[in-house]
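Everything below belongs to protein_4.txt, which stores compact mmCIF, C-alpha atoms.
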# COMPACT_ATOMS: atom_id res chain seq x y z
CA ALA A 1 -1.55 21.54 15.25
CA ASP A 2 1.71 22.12 13.36
CA GLY A 3 3.27 19.17 15.18
CA ASP A 4 0.64 16.92 13.60
CA LEU A 5 1.50 18.01 10.03
CA LEU A 6 4.40 16.49 8.14
CA PHE A 7 5.24 19.91 6.67
CA ASN A 8 4.64 23.47 7.79
CA VAL A 9 3.77 25.09 4.47
CA ASN A 10 4.75 28.58 5.60
CA SER A 11 8.25 27.77 6.80
CA ASP A 12 9.51 24.76 4.85
CA ILE A 13 11.66 24.89 1.74
CA ARG A 14 10.09 26.43 -1.33
CA PHE A 15 8.89 24.38 -4.29
CA ASN A 16 11.29 24.21 -7.19
CA PRO A 17 10.72 22.22 -10.39
CA ARG A 18 14.28 20.86 -10.20
CA ALA A 19 12.84 18.37 -7.75
CA ALA A 20 11.95 16.35 -10.81
CA GLU A 21 15.57 15.63 -11.52
CA GLN A 22 15.54 12.90 -8.88
CA THR A 23 16.31 9.57 -10.46
CA GLU A 24 15.77 7.27 -7.51
CA TRP A 25 12.85 5.94 -5.50
CA GLN A 26 12.12 8.18 -2.54
CA ASN A 27 13.75 6.00 0.09
CA GLU A 28 17.08 5.59 -1.64
CA ASP A 29 18.45 8.91 -2.78
CA HIS A 30 18.76 12.27 -1.12
CA HIS A 31 18.44 14.64 -4.05
CA GLU A 32 16.85 17.94 -3.14
CA GLU A 33 13.12 18.36 -3.40
CA PHE A 34 11.44 21.62 -2.59
CA LEU A 35 8.34 22.56 -0.66
CA PRO A 36 6.35 25.75 -0.97
CA THR A 37 6.48 28.80 1.22
CA GLY A 38 3.36 30.85 1.87
CA GLU A 39 4.25 33.16 -1.01
CA THR A 40 2.28 31.19 -3.60
CA SER A 41 -1.31 30.00 -3.48
CA ILE A 42 -1.54 26.30 -2.62
CA ASP A 43 -4.12 26.02 -5.43
CA SER A 44 -1.30 26.49 -7.94
CA TYR A 45 0.77 23.59 -6.63
CA PRO A 46 0.82 20.33 -8.62
CA ASN A 47 -1.39 17.60 -7.17
CA TRP A 48 1.54 15.44 -6.04
CA LEU A 49 2.72 18.34 -3.89
CA LYS A 50 -0.77 18.94 -2.49
CA PHE A 51 -0.77 15.25 -1.52
CA HIS A 52 2.60 15.63 0.25
CA ILE A 53 1.62 18.70 2.26
CA GLY A 54 -1.65 17.03 3.32
CA ILE A 55 0.16 14.16 5.11
CA ASN A 56 -0.28 14.30 8.89
CA ARG A 57 0.24 12.24 12.04
CA TYR A 58 -2.94 10.21 11.52
CA GLU A 59 -3.26 9.58 7.77
CA LEU A 60 -1.62 10.00 4.38
CA TYR A 61 -4.54 12.11 3.16
CA SER A 62 -7.74 13.48 4.62
CA ARG A 63 -11.07 11.97 3.83
CA HIS A 64 -12.27 14.68 1.44
CA ASN A 65 -8.97 15.84 -0.04
CA PRO A 66 -9.81 16.73 -3.68
CA ALA A 67 -6.11 16.52 -4.60
CA ILE A 68 -6.21 12.71 -4.33
CA GLU A 69 -8.73 12.19 -7.14
CA ALA A 70 -6.84 14.78 -9.20
CA LEU A 71 -3.54 12.99 -8.46
CA LEU A 72 -5.02 9.65 -9.59
CA GLN A 73 -5.99 11.36 -12.85
CA ASP A 74 -2.45 12.76 -13.21
CA LEU A 75 -0.95 9.28 -12.77
CA VAL A 76 -2.79 8.06 -15.86
CA SER A 77 -2.66 11.19 -18.03
CA GLN A 78 0.53 13.16 -17.33
CA LYS A 79 3.23 12.95 -19.99
CA ILE A 80 6.09 10.66 -18.91
CA THR A 81 9.35 12.59 -19.37
CA SER A 82 11.91 10.13 -17.99
CA VAL A 83 12.16 6.53 -16.80
CA ALA A 84 14.78 4.71 -14.69
CA MET A 85 14.98 1.32 -13.03
CA LYS A 86 14.52 1.26 -9.27
CA SER A 87 17.63 -0.19 -7.73
CA GLY A 88 17.31 -3.00 -5.18
CA GLY A 89 14.24 -5.17 -4.79
CA THR A 90 13.72 -8.61 -6.24
CA GLN A 91 11.60 -7.70 -9.27
CA LEU A 92 11.65 -5.05 -11.96
CA LYS A 93 10.12 -1.70 -11.04
CA LEU A 94 10.48 1.58 -12.91
CA ILE A 95 10.62 5.15 -11.59
CA MET A 96 8.60 7.40 -13.88
CA THR A 97 8.86 11.19 -13.83
CA PHE A 98 6.04 13.32 -15.24
CA GLN A 99 5.84 16.67 -16.99
CA ASN A 100 4.58 18.29 -13.76
CA TYR A 101 7.68 16.98 -11.92
CA GLY A 102 5.75 14.36 -9.99
CA GLN A 103 7.11 10.82 -9.76
CA ALA A 104 5.58 7.37 -9.44
CA LEU A 105 6.69 3.76 -9.13
CA PHE A 106 5.59 1.63 -12.10
CA LYS A 107 5.01 -2.09 -11.62
CA PRO A 108 4.36 -3.84 -14.96
CA MET A 109 1.76 -6.54 -15.52
CA LYS A 110 3.21 -10.03 -15.03
CA GLN A 111 0.10 -12.18 -14.64
CA THR A 112 -3.39 -12.16 -16.12
CA ARG A 113 -6.31 -11.47 -13.77
CA GLU A 114 -7.34 -15.13 -13.74
CA GLN A 115 -3.91 -16.64 -12.94
CA GLU A 116 -3.24 -17.82 -9.39
CA THR A 117 0.15 -18.09 -7.73
CA PRO A 118 1.45 -21.58 -8.54
CA PRO A 119 1.01 -23.87 -5.49
CA ASP A 120 4.72 -24.75 -5.36
CA PHE A 121 5.85 -21.10 -5.16
CA PHE A 122 7.18 -19.80 -1.83
CA TYR A 123 5.72 -16.45 -0.76
CA PHE A 124 9.12 -14.81 -1.21
CA SER A 125 9.39 -15.85 -4.86
CA ASP A 126 5.81 -14.99 -5.81
CA TYR A 127 5.22 -12.45 -8.58
CA GLU A 128 4.47 -8.86 -7.68
CA ARG A 129 1.14 -8.01 -9.27
CA HIS A 130 0.26 -4.57 -10.60
CA ASN A 131 -3.46 -5.14 -10.04
CA ALA A 132 -2.79 -6.08 -6.38
CA GLU A 133 -1.22 -2.63 -5.85
CA ILE A 134 -4.30 -0.95 -7.32
CA ALA A 135 -6.77 -3.12 -5.39
CA ALA A 136 -4.85 -2.57 -2.12
CA PHE A 137 -5.19 1.21 -2.50
CA HIS A 138 -8.95 0.88 -2.99
CA LEU A 139 -9.33 -1.59 -0.12
CA ASP A 140 -7.34 0.68 2.21
CA ARG A 141 -9.55 3.69 1.60
CA GLN A 142 -12.72 1.66 1.00
CA VAL A 143 -16.23 2.87 1.79
CA GLU A 144 -15.05 6.40 2.35
CA TRP A 145 -18.58 7.62 1.72
CA ILE A 146 -20.26 5.48 4.37
CA CYS A 147 -20.71 6.43 7.99
CA ILE A 148 -22.81 5.11 10.84
CA GLU A 149 -24.42 7.48 13.30
CA ARG A 150 -24.74 6.14 16.80
CA LYS A 151 -25.21 8.28 19.95
CA GLY A 152 -23.98 11.34 18.08
CA GLU A 153 -20.72 9.68 17.06
CA ILE A 154 -19.68 9.41 13.43
CA LEU A 155 -17.51 6.39 12.79
CA ILE A 156 -15.04 6.91 9.95
CA LEU A 157 -14.64 3.76 7.90
CA ASP A 158 -11.32 3.98 6.04
CA PHE A 159 -7.59 3.72 6.85
CA ARG A 160 -5.93 5.97 4.19
CA ARG A 161 -2.48 4.49 4.73
CA VAL A 162 -1.65 3.43 1.14
CA PRO A 163 -0.21 6.08 -1.24
CA PRO A 164 -2.48 6.72 -4.27
CA VAL A 165 -2.19 4.07 -7.02
CA ALA A 166 -3.73 3.98 -10.49
CA GLY A 167 -3.55 1.61 -13.44
CA ARG A 168 -2.20 2.86 -16.75
CA LEU A 169 -1.64 1.51 -20.26
CA VAL A 170 1.89 2.55 -21.23
CA ASN A 171 3.46 2.64 -24.68
CA MET A 172 6.75 0.76 -24.15
CA THR A 173 8.43 2.45 -27.12
CA ARG A 174 7.41 6.09 -26.68
CA GLU A 175 6.95 6.20 -22.90
CA ILE A 176 9.77 3.91 -21.70
CA ARG A 177 12.47 3.11 -24.26
CA ASP A 178 12.60 6.52 -25.94
CA VAL A 179 12.66 8.55 -22.70
CA THR A 180 15.04 6.50 -20.55
CA ARG A 181 18.65 7.50 -19.98
CA ASP A 182 19.18 4.23 -18.16
CA LYS A 183 21.47 2.31 -20.54
CA LYS A 184 21.09 -0.93 -18.57
CA LEU A 185 17.33 -0.77 -19.10
CA TRP A 186 17.57 0.38 -22.72
CA ARG A 187 19.88 -2.52 -23.64
CA THR A 188 17.28 -5.12 -22.56
CA PHE A 189 14.68 -4.09 -25.19
CA PHE A 190 14.12 -6.49 -28.09
CA ILE A 191 11.49 -7.54 -30.64
CA SER A 192 10.00 -10.97 -30.00
CA PRO A 193 9.33 -13.62 -32.69
CA ALA A 194 5.67 -12.48 -32.55
CA ASN A 195 6.82 -8.93 -33.45
CA ASN A 196 6.02 -7.54 -29.99
CA ILE A 197 8.25 -5.06 -28.16
CA CYS A 198 9.75 -6.66 -25.03
CA PHE A 199 12.19 -5.75 -22.26
CA TYR A 200 13.34 -7.32 -19.00
CA GLY A 201 15.62 -4.88 -17.14
CA GLU A 202 17.84 -5.89 -14.23
CA CYS A 203 16.71 -7.43 -10.91
CA SER A 204 17.20 -10.54 -8.75
CA TYR A 205 14.10 -12.48 -9.92
CA TYR A 206 12.42 -12.75 -13.31
CA CYS A 207 14.71 -10.35 -15.21
CA SER A 208 15.73 -12.46 -18.21
CA THR A 209 14.73 -13.05 -21.83
CA GLU A 210 12.55 -15.96 -20.64
CA HIS A 211 10.66 -13.67 -18.23
CA ALA A 212 10.57 -10.61 -20.50
CA LEU A 213 7.64 -8.19 -20.37
CA CYS A 214 6.10 -8.00 -23.83
CA GLY A 215 3.59 -5.55 -25.22
CA LYS A 216 0.77 -6.06 -27.70
CA PRO A 217 2.60 -4.97 -29.82
CA ASP A 218 4.06 -2.24 -27.60
CA GLN A 219 1.33 -1.47 -25.03
CA ILE A 220 1.79 -2.75 -21.48
CA GLU A 221 -0.40 -2.44 -18.41
CA GLY A 222 1.00 -1.42 -15.07
CA SER A 223 0.31 0.26 -11.75
CA LEU A 224 1.64 3.70 -10.88
CA ALA A 225 2.04 4.47 -7.18
CA ALA A 226 2.57 8.11 -6.23
CA PHE A 227 5.87 8.80 -4.47
CA LEU A 228 5.98 9.83 -0.84
CA PRO A 229 8.09 12.93 0.00
CA ASP A 230 11.82 12.52 -0.46
CA LEU A 231 13.68 11.22 2.60
CA SER A 232 15.80 14.37 2.74
CA LEU A 233 12.58 16.23 3.61
CA ALA A 234 10.62 13.66 5.58
CA LYS A 235 12.65 10.85 7.10
CA ARG A 236 10.93 7.54 7.61
CA LYS A 237 11.78 4.86 10.12
CA THR A 238 11.78 1.24 8.97
CA TRP A 239 10.60 -1.30 11.53
CA ARG A 240 10.95 -5.05 11.39
CA ASN A 241 7.47 -6.59 11.56
CA PRO A 242 7.36 -8.70 14.77
CA TRP A 243 5.35 -11.31 12.81
CA ARG A 244 7.82 -11.36 9.93
CA ARG A 245 8.17 -14.74 8.20
CA SER A 246 11.47 -16.60 8.16
CA TYR A 247 12.05 -16.11 4.40
CA HIS A 248 13.62 -19.56 4.46
CA LYS A 249 12.49 -22.78 2.77
CA ARG A 250 12.72 -24.86 5.97
CA LYS A 251 12.98 -22.63 9.06
CA LYS A 252 9.99 -21.33 10.97
CA ALA A 253 9.75 -17.93 12.64
CA GLU A 254 9.39 -17.72 16.44
CA TRP A 255 5.73 -16.65 16.26
CA GLU A 256 4.91 -19.82 14.32
CA VAL A 257 6.04 -22.08 17.19
CA ASP A 258 5.30 -19.97 20.30
CA PRO A 259 1.55 -19.45 20.96
CA ASP A 260 2.39 -16.84 23.66
CA TYR A 261 4.59 -14.82 21.31
CA CYS A 262 2.32 -11.74 21.49
CA GLU A 263 2.93 -11.40 25.24
CA GLU A 264 6.63 -10.99 24.49
CA VAL A 265 5.91 -8.41 21.75
CA LYS A 266 3.64 -6.40 24.06
CA GLN A 267 6.52 -5.95 26.50
CA THR A 268 8.82 -4.56 23.81
CA PRO A 269 8.84 -0.91 22.65
CA PRO A 270 7.02 0.51 20.72
CA TYR A 271 4.36 -2.17 21.32
CA ASP A 272 4.32 -1.71 25.10
CA SER A 273 2.47 1.62 24.91
CA GLY A 274 0.47 3.79 22.54
CA THR A 275 -1.42 2.47 19.53
CA ARG A 276 1.22 0.53 17.61
CA ILE A 277 -0.09 -2.93 18.49
CA LEU A 278 -3.55 -1.84 17.25
CA ASP A 279 -1.94 -0.55 14.04
CA ILE A 280 -0.36 -3.98 13.56
CA MET A 281 -3.82 -5.56 14.00
CA ASP A 282 -5.26 -3.21 11.33
CA MET A 283 -2.42 -4.18 9.00
CA THR A 284 -3.01 -7.87 9.79
CA VAL A 285 -6.67 -7.65 8.79
CA PHE A 286 -5.74 -5.67 5.66
CA ASP A 287 -3.16 -8.29 4.62
CA PHE A 288 -5.42 -11.26 5.40
CA LEU A 289 -8.23 -9.87 3.24
CA MET A 290 -5.73 -9.60 0.35
CA GLY A 291 -3.83 -12.82 1.07
CA ASN A 292 -0.56 -10.87 1.39
CA MET A 293 2.14 -12.92 3.19
CA ASP A 294 4.99 -10.54 2.37
CA ARG A 295 4.91 -7.96 5.18
CA HIS A 296 8.48 -8.24 6.47
CA HIS A 297 8.96 -4.57 7.44
CA TYR A 298 6.82 -1.47 7.73
CA GLU A 299 7.51 2.26 7.83
CA THR A 300 6.42 5.33 9.79
CA PHE A 301 7.29 9.02 9.48
CA GLU A 302 10.11 9.78 11.91
CA LYS A 303 8.79 13.25 12.76
CA PHE A 304 5.75 11.77 14.53
CA GLY A 305 7.65 9.38 16.78
CA ASN A 306 5.75 6.28 17.90
CA GLU A 307 2.32 7.95 18.00
CA THR A 308 1.47 7.69 14.32
CA PHE A 309 0.09 5.30 11.71
CA ILE A 310 1.86 2.54 9.78
CA ILE A 311 2.25 3.27 6.06
CA HIS A 312 0.85 0.33 4.08
CA LEU A 313 3.52 0.22 1.36
CA ASP A 314 4.32 -2.46 -1.21
CA ASN A 315 1.23 -4.63 -1.58
CA GLY A 316 2.08 -6.36 -4.86
CA ARG A 317 2.07 -9.87 -3.43
CA GLY A 318 -1.56 -9.66 -2.39
CA PHE A 319 -4.41 -11.25 -4.38
CA GLY A 320 -2.32 -14.21 -5.52
CA LYS A 321 -4.74 -16.99 -4.57
CA TYR A 322 -8.51 -16.83 -4.44
CA SER A 323 -8.98 -20.55 -3.79
CA HIS A 324 -6.93 -20.54 -0.57
CA ASP A 325 -7.16 -18.49 2.65
CA GLU A 326 -3.74 -18.21 4.30
CA LEU A 327 -4.73 -18.42 7.97
CA SER A 328 -1.16 -17.83 9.19
CA ILE A 329 -1.53 -14.16 8.15
CA LEU A 330 -4.15 -13.83 10.89
CA VAL A 331 -1.88 -15.15 13.66
CA PRO A 332 -1.15 -11.68 15.19
CA LEU A 333 -4.88 -11.11 15.74
CA ASN A 334 -5.40 -14.64 17.10
CA GLN A 335 -2.44 -14.32 19.49
CA CYS A 336 -3.00 -10.75 20.71
CA CYS A 337 -6.81 -10.64 20.70
CA ARG A 338 -6.90 -6.86 20.26
CA ILE A 339 -8.68 -4.69 17.71
CA ARG A 340 -9.82 -1.08 17.40
CA LYS A 341 -13.54 -0.52 17.87
CA SER A 342 -13.61 1.57 14.66
CA THR A 343 -12.05 -1.28 12.69
CA TYR A 344 -14.35 -3.89 14.26
CA LEU A 345 -17.48 -1.85 13.49
CA ARG A 346 -16.29 -1.27 9.94
CA LEU A 347 -15.72 -4.99 9.41
CA GLN A 348 -19.15 -5.81 10.82
CA LEU A 349 -20.71 -3.29 8.43
CA LEU A 350 -18.85 -4.75 5.44
CA ALA A 351 -20.24 -8.18 6.29
CA LYS A 352 -23.82 -6.90 5.88
CA GLU A 353 -25.54 -7.68 2.59
CA GLU A 354 -26.25 -4.00 1.79
CA TYR A 355 -22.60 -2.95 2.34
CA LYS A 356 -20.96 -6.14 1.12
CA LEU A 357 -17.19 -5.76 0.84
CA SER A 358 -16.95 -7.48 -2.55
CA LEU A 359 -19.65 -5.27 -4.07
CA LEU A 360 -18.15 -2.05 -2.71
CA MET A 361 -14.69 -3.07 -3.91
CA LYS A 362 -16.00 -3.97 -7.36
CA GLU A 363 -17.74 -0.60 -7.63
CA SER A 364 -14.69 1.31 -6.41
CA LEU A 365 -12.30 -0.54 -8.76
CA LEU A 366 -14.49 0.25 -11.79
CA LYS A 367 -13.18 3.83 -11.54
CA ASP A 368 -9.70 2.67 -12.54
CA LYS A 369 -8.68 3.10 -16.18
CA ILE A 370 -7.61 -0.56 -16.60
CA ALA A 371 -10.69 -2.08 -14.94
CA PRO A 372 -11.68 -4.79 -14.22
CA ILE A 373 -8.87 -4.97 -11.66
CA LEU A 374 -9.77 -8.16 -9.78
CA TYR A 375 -11.10 -11.46 -11.05
CA GLN A 376 -14.54 -12.13 -9.48
CA PRO A 377 -13.31 -15.10 -7.36
CA HIS A 378 -10.82 -12.73 -5.63
CA LEU A 379 -13.72 -10.43 -4.66
CA GLU A 380 -15.69 -13.39 -3.32
CA ALA A 381 -12.62 -14.58 -1.40
CA MET A 382 -12.56 -11.23 0.44
CA ASP A 383 -16.12 -11.77 1.72
CA ARG A 384 -15.14 -15.26 2.90
CA ARG A 385 -12.01 -13.95 4.64
CA LEU A 386 -13.97 -11.16 6.27
CA ARG A 387 -16.20 -13.77 7.93
CA ILE A 388 -13.05 -15.56 9.18
CA VAL A 389 -11.74 -12.30 10.72
CA LEU A 390 -15.06 -11.63 12.48
CA LYS A 391 -15.12 -15.19 13.81
CA ALA A 392 -11.56 -14.71 15.16
CA VAL A 393 -12.60 -11.51 16.97
CA SER A 394 -15.75 -13.19 18.28
CA ASP A 395 -13.67 -16.08 19.66
CA CYS A 396 -11.33 -13.59 21.36
CA ILE A 397 -14.28 -11.75 22.94
CA GLU A 398 -15.70 -15.02 24.20
CA LYS A 399 -12.33 -15.93 25.73
CA ASP A 400 -11.16 -12.55 27.13
CA GLY A 401 -14.28 -10.34 27.29
CA TYR A 402 -15.32 -7.48 24.97
CA ASP A 403 -13.55 -4.67 26.86
CA ASN A 404 -10.24 -6.54 26.88
CA VAL A 405 -10.37 -7.17 23.14
CA VAL A 406 -12.09 -4.15 21.56
CA GLU A 407 -10.24 -0.88 22.16
CA ASN A 408 -12.57 2.12 22.18
CA ASP A 409 -10.83 4.63 19.91
CA PHE A 410 -13.75 7.06 19.73
CA ASN A 411 -13.77 10.47 21.32
CA ALA A 412 -17.36 11.34 22.18
CA ASP A 413 -16.55 15.07 22.39
CA VAL A 414 -15.61 15.51 18.74
CA ASN A 415 -17.89 13.29 16.64
CA THR A 416 -14.98 11.51 15.01
CA VAL A 417 -12.47 8.77 15.50
CA ALA A 418 -10.26 9.80 18.37
CA THR A 419 -6.84 10.98 17.26
CA GLU A 420 -5.32 10.87 20.72
CA ARG A 421 -5.64 7.67 22.71
Do you think you could lay out the structure here as structure tokens?
Amino acid sequence: ADGDLLFNVNSDIRFNPRAAEQTEWQNEDHHEEFLPTGETSIDSYPNWLKFHIGINRYELYSRHNPAIEALLQDLVSQKITSVAMKSGGTQLKLIMTFQNYGQALFKPMKQTREQETPPDFFYFSDYERHNAEIAAFHLDRQVEWICIERKGEILILDFRRVPPVAGRLVNMTREIRDVTRDKKLWRTFFISPANNICFYGECSYYCSTEHALCGKPDQIEGSLAAFLPDLSLAKRKTWRNPWRRSYHKRKKAEWEVDPDYCEEVKQTPPYDSGTRILDIMDMTVFDFLMGNMDRHHYETFEKFGNETFIIHLDNGRGFGKYSHDELSILVPLNQCCRIRKSTYLRLQLLAKEEYKLSLLMKESLLKDKIAPILYQPHLEAMDRRLRIVLKAVSDCIEKDGYDNVVENDFNADVNTVATER
């Protein structure tokens, strides 16, 4: 139905290449961007636009959308025509515009694959990792080719709530310094004593000569995340995560001291009806598997109201520690004792030896141009955390009963995950 699509291709604004003149991240500026009318074949649209017009109430992209693989290829191969710093945020990020007028957010490499977050770092001062962004995209859409058939139902086994992300090796001279009009960025370039090209940009954390990003001699790795549609075309609502951390060195959040906190949340809109509490549980599992403690807000598309999915944006603080499982990330699941049946079955499948999460992730990540993306101990940590999640659900079922914990989100009439609950 048209109401389930973010854009009506036949009636929305027509596509115009001037869209590429945007210089800001999609949630900050309101430059015009243009969508197609029915006058042109959709086949002729650039892949970033095909991605945008495929967004609907239930997912960012459909399971077999060929534009996604093509878009991932564009992210690593399209000529970069301009670069600007993203304003706001604690760490340096760059907005890159391509020859086909698409845009992506570039997060440069700050840590090697083997490095762990130092034990004395607070979660809010941790580095944002480019490889975490890539791995999060693969985890979010993982095992897209697997399905289980049971009583005629086909259980779909992926979320598709992270915008496409790919790793790319960028030439800092040709593809950043020489194409930026951002004088503040340009002024921070220098040549290090080792004769490498370096820059540091402007941001709240880690933007100084001491924390400069240096190439070898001028090549740097990074992640490129495809932009969502501009806010002037598709408004998004930002929600405070009920299980947000205090972001304070000494204070605790309410959920950390009140074991009945979920009961309070469940009486508050939008968590008192619909599927939002189940979406939070999906996000909780997703973050726990990655070790991501930095989920302070989340976003949804305004057009779809409260009956829509949570966009899993900004995952750079995942995969920081493989030797530690941060159990506090799992508190929402432990307190609420609710989970979708589709998610539960998927997790059970990924715990089986033949569909082992770490092996599937490793295989999926090999497709990225800057593979290997994750250090082996991070992959093994995901298997360990998966067992912890399943034990938490099992404990909930034992305490409250299966039907009170596992929400049946399958519609037997249409051989798919139910889209209306």
Next on the checklist: If we draw a sphere of 9 Å around (2.4, 13.7, 19.4), which residues have at least one atom in it when counting all atoms listed in the file? Please report them as a list in words.
Outcome noted: Gly3, Asp4, Arg57, Phe304, Gly305, Asn306, Glu307, Thr308 and Glu420 of chain A
Checklist outcome for this item: A straight line from atom CA of A:Leu71 to atom CA of A:Phe137 spans 13.3 Å
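Nearest to A:Leu72 of all the residues A:Ala226, A:Ala1, A:Ile197, A:Leu357 is A:Ala226, counting only C-alpha atoms.
In this structure, atom CA of A:Met290 sits 11.3 Å away from atom CA of A:Arg384.
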Checklist entry - Nearest to A:Trp239 among A:Ser323, A:Gln335, A:Thr300, A:Thr112, with distances taken over only C-alpha atoms: which residue is it? => result A:Thr300
Next on the checklist: Please compute the atom CA of A:Ile134-atom CA of A:Arg245 distance, one decimal, in Å.
Outcome noted: 24.2 Å
Checklist entry - Contacts of A:Phe121 at 12 Å or less, counting all atoms listed in the file, minus same-chain residues fewer than 5 places along, as number ranges by chain? => result A: 116, 126-127, 249, 317, 320-321
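In terms of minimum interatomic distance to A:Arg141, A:Arg346 ranks closest within A:Lys237, A:Lys252, A:Lys79, A:Arg346, counting only C-alpha atoms.
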Next on the checklist: Using all atoms listed in the file, which protein or nucleic acid residues come within 7 Å of A:Arg340? Drop anything in the same chain fewer than 6 positions from it, and give the result as a PyMOL selection string.
Outcome noted: chain A and resi 278+406-409
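Proximity of A:Ile373, A:Cys262, A:Leu379, A:Val165 to A:Arg338, computed with all atoms listed in the file, is greatest for A:Cys262.
Distance check against A:Asn241 using all atoms listed in the file: of A:Asn411, A:Thr209, A:Asn196, A:Thr284, the minimum falls on A:Thr284.
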